[in-house]
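Below you'll find the structure, written out as structure tokens, and then a few comments.
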Amino acid sequence: MDLAECIREYQAGGYPVAVVKESRCGRCDGVVFRVEVTEDESVRRICLACGEAAFIGDSAEHWDDDDAEECACTCGGEEFTVAVGFALFDDGDVRWVSVGLRCLKDGVQGVYADVKIDYGPSQHLLDAV
Ligand SMILES: [Zn+2]
Ligand SMILES: [Zn+2]
């Protein structure tokens, strides 16, 4: 099972995941990240190659540095490839965002954060992976 399948199977919020996108660094095209998540499941990824930080979905709006914790796999690994799943409304707006991580060390993967989106338009979130 790959990370996209894992996210689809998890089905955050109970809604079918229509789209899964892999995270790529906007600066260097890197695909390995350290990932921080807050209590309300806002997510920031930091590129391992170049240090560029980016928020996933609308996480920037709710971000609180004091509340952010680094994601760690059960093996202790803190370096991940990242994919983001989106459940959509019929009109294409985003209903639910889920963030899946795959540990680089042992390949264990899971959904580390999922957030319900209760406003529209929200299609721009599809680009914020
Ligand atoms: Zn980078
Ligand atoms: Zn691991």
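By convention in this document, the chains of the structure tokens carry letters A, B, ... by their order, each chain's residues are numbered from 1, and ligands are numbered from 1 in the order they are shown.
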Let me have all residues with an atom within 7 Å of ligand 2, counting only C-alpha atoms and all ligand atoms, laid out as a list of chain:residue names.
A:Cys73, A:Thr74, A:Cys75, A:Gly76, A:Gly77, A:Cys103, A:Leu104, A:Lys105, A:Asp106, A:Gly107, A:Val108
Using only C-alpha atoms and all ligand atoms, find each residue with an atom at most 10 Å away from ligand 1 and format the answer as a list in words.
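Every residue with an atom at most 10 Å from ligand 1 is listed here: Arg24, Cys25, Gly26, Arg27, Cys28, Asp29, Gly30, Val31, Val32, Phe33, Ile46, Cys47, Leu48, Ala49, Cys50, Gly51, Glu52, Ala53 and Ala54 of chain A.
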Export, as a PDB file, in the first residue's frame, the selected residues with N, CA and C atoms.
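Dumped to part_0.pdb:
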```pdb
ATOM      1  N   ARG A  24       5.611  18.714  -2.633  1.00  0.00           N
ATOM      2  CA  ARG A  24       6.930  18.992  -3.193  1.00  0.00           C
ATOM      3  C   ARG A  24       7.340  20.387  -2.770  1.00  0.00           C
ATOM      4  N   CYS A  25       8.593  20.533  -2.436  1.00  0.00           N
ATOM      5  CA  CYS A  25       9.090  21.841  -2.027  1.00  0.00           C
ATOM      6  C   CYS A  25       8.978  22.825  -3.198  1.00  0.00           C
ATOM      7  N   GLY A  26       8.403  24.003  -2.906  1.00  0.00           N
ATOM      8  CA  GLY A  26       8.244  25.005  -3.948  1.00  0.00           C
ATOM      9  C   GLY A  26       9.552  25.624  -4.378  1.00  0.00           C
ATOM     10  N   ARG A  27      10.573  25.484  -3.556  1.00  0.00           N
ATOM     11  CA  ARG A  27      11.843  26.103  -3.896  1.00  0.00           C
ATOM     12  C   ARG A  27      12.776  25.138  -4.630  1.00  0.00           C
ATOM     13  N   CYS A  28      12.928  23.914  -4.104  1.00  0.00           N
ATOM     14  CA  CYS A  28      13.958  23.013  -4.663  1.00  0.00           C
ATOM     15  C   CYS A  28      13.367  21.723  -5.206  1.00  0.00           C
ATOM     16  N   ASP A  29      12.041  21.561  -5.136  1.00  0.00           N
ATOM     17  CA  ASP A  29      11.383  20.366  -5.636  1.00  0.00           C
ATOM     18  C   ASP A  29      11.657  19.134  -4.769  1.00  0.00           C
ATOM     19  N   GLY A  30      12.171  19.350  -3.573  1.00  0.00           N
ATOM     20  CA  GLY A  30      12.454  18.248  -2.656  1.00  0.00           C
ATOM     21  C   GLY A  30      11.173  17.570  -2.181  1.00  0.00           C
ATOM     22  N   VAL A  31      11.295  16.309  -1.767  1.00  0.00           N
ATOM     23  CA  VAL A  31      10.098  15.558  -1.342  1.00  0.00           C
ATOM     24  C   VAL A  31      10.244  14.971   0.055  1.00  0.00           C
ATOM     25  N   VAL A  32      11.280  15.365   0.788  1.00  0.00           N
ATOM     26  CA  VAL A  32      11.457  14.870   2.153  1.00  0.00           C
ATOM     27  C   VAL A  32      11.387  16.048   3.118  1.00  0.00           C
ATOM     28  N   PHE A  33      10.594  15.841   4.178  1.00  0.00           N
ATOM     29  CA  PHE A  33      10.289  16.959   5.068  1.00  0.00           C
ATOM     30  C   PHE A  33      10.324  16.546   6.537  1.00  0.00           C
ATOM     31  N   ILE A  46       8.747  21.343   6.556  1.00  0.00           N
ATOM     32  CA  ILE A  46      10.019  22.013   6.339  1.00  0.00           C
ATOM     33  C   ILE A  46      10.901  21.109   5.499  1.00  0.00           C
ATOM     34  N   CYS A  47      11.294  21.621   4.331  1.00  0.00           N
ATOM     35  CA  CYS A  47      12.074  20.832   3.385  1.00  0.00           C
ATOM     36  C   CYS A  47      13.430  20.482   3.979  1.00  0.00           C
ATOM     37  N   LEU A  48      13.774  19.201   3.895  1.00  0.00           N
ATOM     38  CA  LEU A  48      15.030  18.749   4.468  1.00  0.00           C
ATOM     39  C   LEU A  48      16.218  19.229   3.643  1.00  0.00           C
ATOM     40  N   ALA A  49      15.998  19.390   2.351  1.00  0.00           N
ATOM     41  CA  ALA A  49      17.095  19.752   1.460  1.00  0.00           C
ATOM     42  C   ALA A  49      17.458  21.232   1.560  1.00  0.00           C
ATOM     43  N   CYS A  50      16.451  22.101   1.615  1.00  0.00           N
ATOM     44  CA  CYS A  50      16.752  23.538   1.528  1.00  0.00           C
ATOM     45  C   CYS A  50      16.203  24.349   2.697  1.00  0.00           C
ATOM     46  N   GLY A  51      15.404  23.735   3.572  1.00  0.00           N
ATOM     47  CA  GLY A  51      14.938  24.444   4.759  1.00  0.00           C
ATOM     48  C   GLY A  51      13.694  25.291   4.540  1.00  0.00           C
ATOM     49  N   GLU A  52      13.168  25.286   3.328  1.00  0.00           N
ATOM     50  CA  GLU A  52      11.964  26.073   3.041  1.00  0.00           C
ATOM     51  C   GLU A  52      10.772  25.506   3.827  1.00  0.00           C
ATOM     52  N   ALA A  53      10.041  26.394   4.501  1.00  0.00           N
ATOM     53  CA  ALA A  53       8.863  25.980   5.255  1.00  0.00           C
ATOM     54  C   ALA A  53       7.610  26.359   4.486  1.00  0.00           C
ATOM     55  N   ALA A  54       6.596  25.490   4.531  1.00  0.00           N
ATOM     56  CA  ALA A  54       5.335  25.807   3.862  1.00  0.00           C
ATOM     57  C   ALA A  54       4.196  25.214   4.673  1.00  0.00           C
TER      58      ALA A  54
END
```
Within 9 Å of range 120-128 of chain A: each range 16-81 of chain A residue with its shortest pair, only C-alpha atoms, as JSON lines:
```
{"residue": "A:Val19", "atom": "CA", "partner": "A:Leu126", "partner_atom": "CA", "distance": 8.5}
{"residue": "A:Lys21", "atom": "CA", "partner": "A:Leu126", "partner_atom": "CA", "distance": 8.2}
{"residue": "A:Ser23", "atom": "CA", "partner": "A:Ala128", "partner_atom": "CA", "distance": 8.7}
{"residue": "A:Ala54", "atom": "CA", "partner": "A:Ala128", "partner_atom": "CA", "distance": 8.5}
{"residue": "A:Phe55", "atom": "CA", "partner": "A:Ala128", "partner_atom": "CA", "distance": 7.1}
{"residue": "A:Ile56", "atom": "CA", "partner": "A:Ala128", "partner_atom": "CA", "distance": 5.3}
{"residue": "A:Gly57", "atom": "CA", "partner": "A:Ala128", "partner_atom": "CA", "distance": 4.9}
{"residue": "A:Asp58", "atom": "CA", "partner": "A:Leu125", "partner_atom": "CA", "distance": 6.8}
```
The selected residues should be written to file as a compact mmCIF listing (two decimals), in the first residue's frame (atoms: C-alpha atoms).
```
# COMPACT_ATOMS: atom_id res chain seq x y z
CA VAL A 19 -7.80 13.80 -4.73
CA LYS A 21 -1.40 15.13 -3.98
CA SER A 23 3.99 17.51 -1.35
CA ALA A 54 5.33 25.81 3.86
CA PHE A 55 1.89 25.41 5.35
CA ILE A 56 -0.53 22.74 4.22
CA GLY A 57 -4.12 23.71 3.47
CA ASP A 58 -5.18 26.75 5.46
```
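Coordinates place CA of Thr81 in chain A at a distance of 11.8 Å from CA of Val129 in chain A.
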What separation in Å, quoted to one decimal, exists between CA of Glu79 in chain A and CA of Gln109 in chain A?
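Computing the Euclidean distance for CA of Glu79 in chain A and CA of Gln109 in chain A yields 11.5 Å.
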Do a neighbour search on Val82 in chain A at 7 Å with only C-alpha atoms, toss out local chain neighbours closer than 6 positions, and write the hits as a PDB file with C-alpha atoms, in the first residue's frame.
```pdb
ATOM      1  CA  GLU A  22       2.210  14.630  -3.019  1.00  0.00           C
ATOM      2  CA  SER A  23       3.990  17.505  -1.349  1.00  0.00           C
ATOM      3  CA  GLY A 100      -0.437  11.529   5.440  1.00  0.00           C
ATOM      4  CA  LEU A 101       3.212  10.942   6.271  1.00  0.00           C
ATOM      5  CA  ARG A 102       5.495   8.093   5.316  1.00  0.00           C
TER       6      ARG A 102
END
```
Choose the residue, out of A:Val37, A:Val99, A:Ile7, A:Val115, that has the smallest atom-to-atom separation from Asp64 in chain A; count only C-alpha atoms.
A:Val37
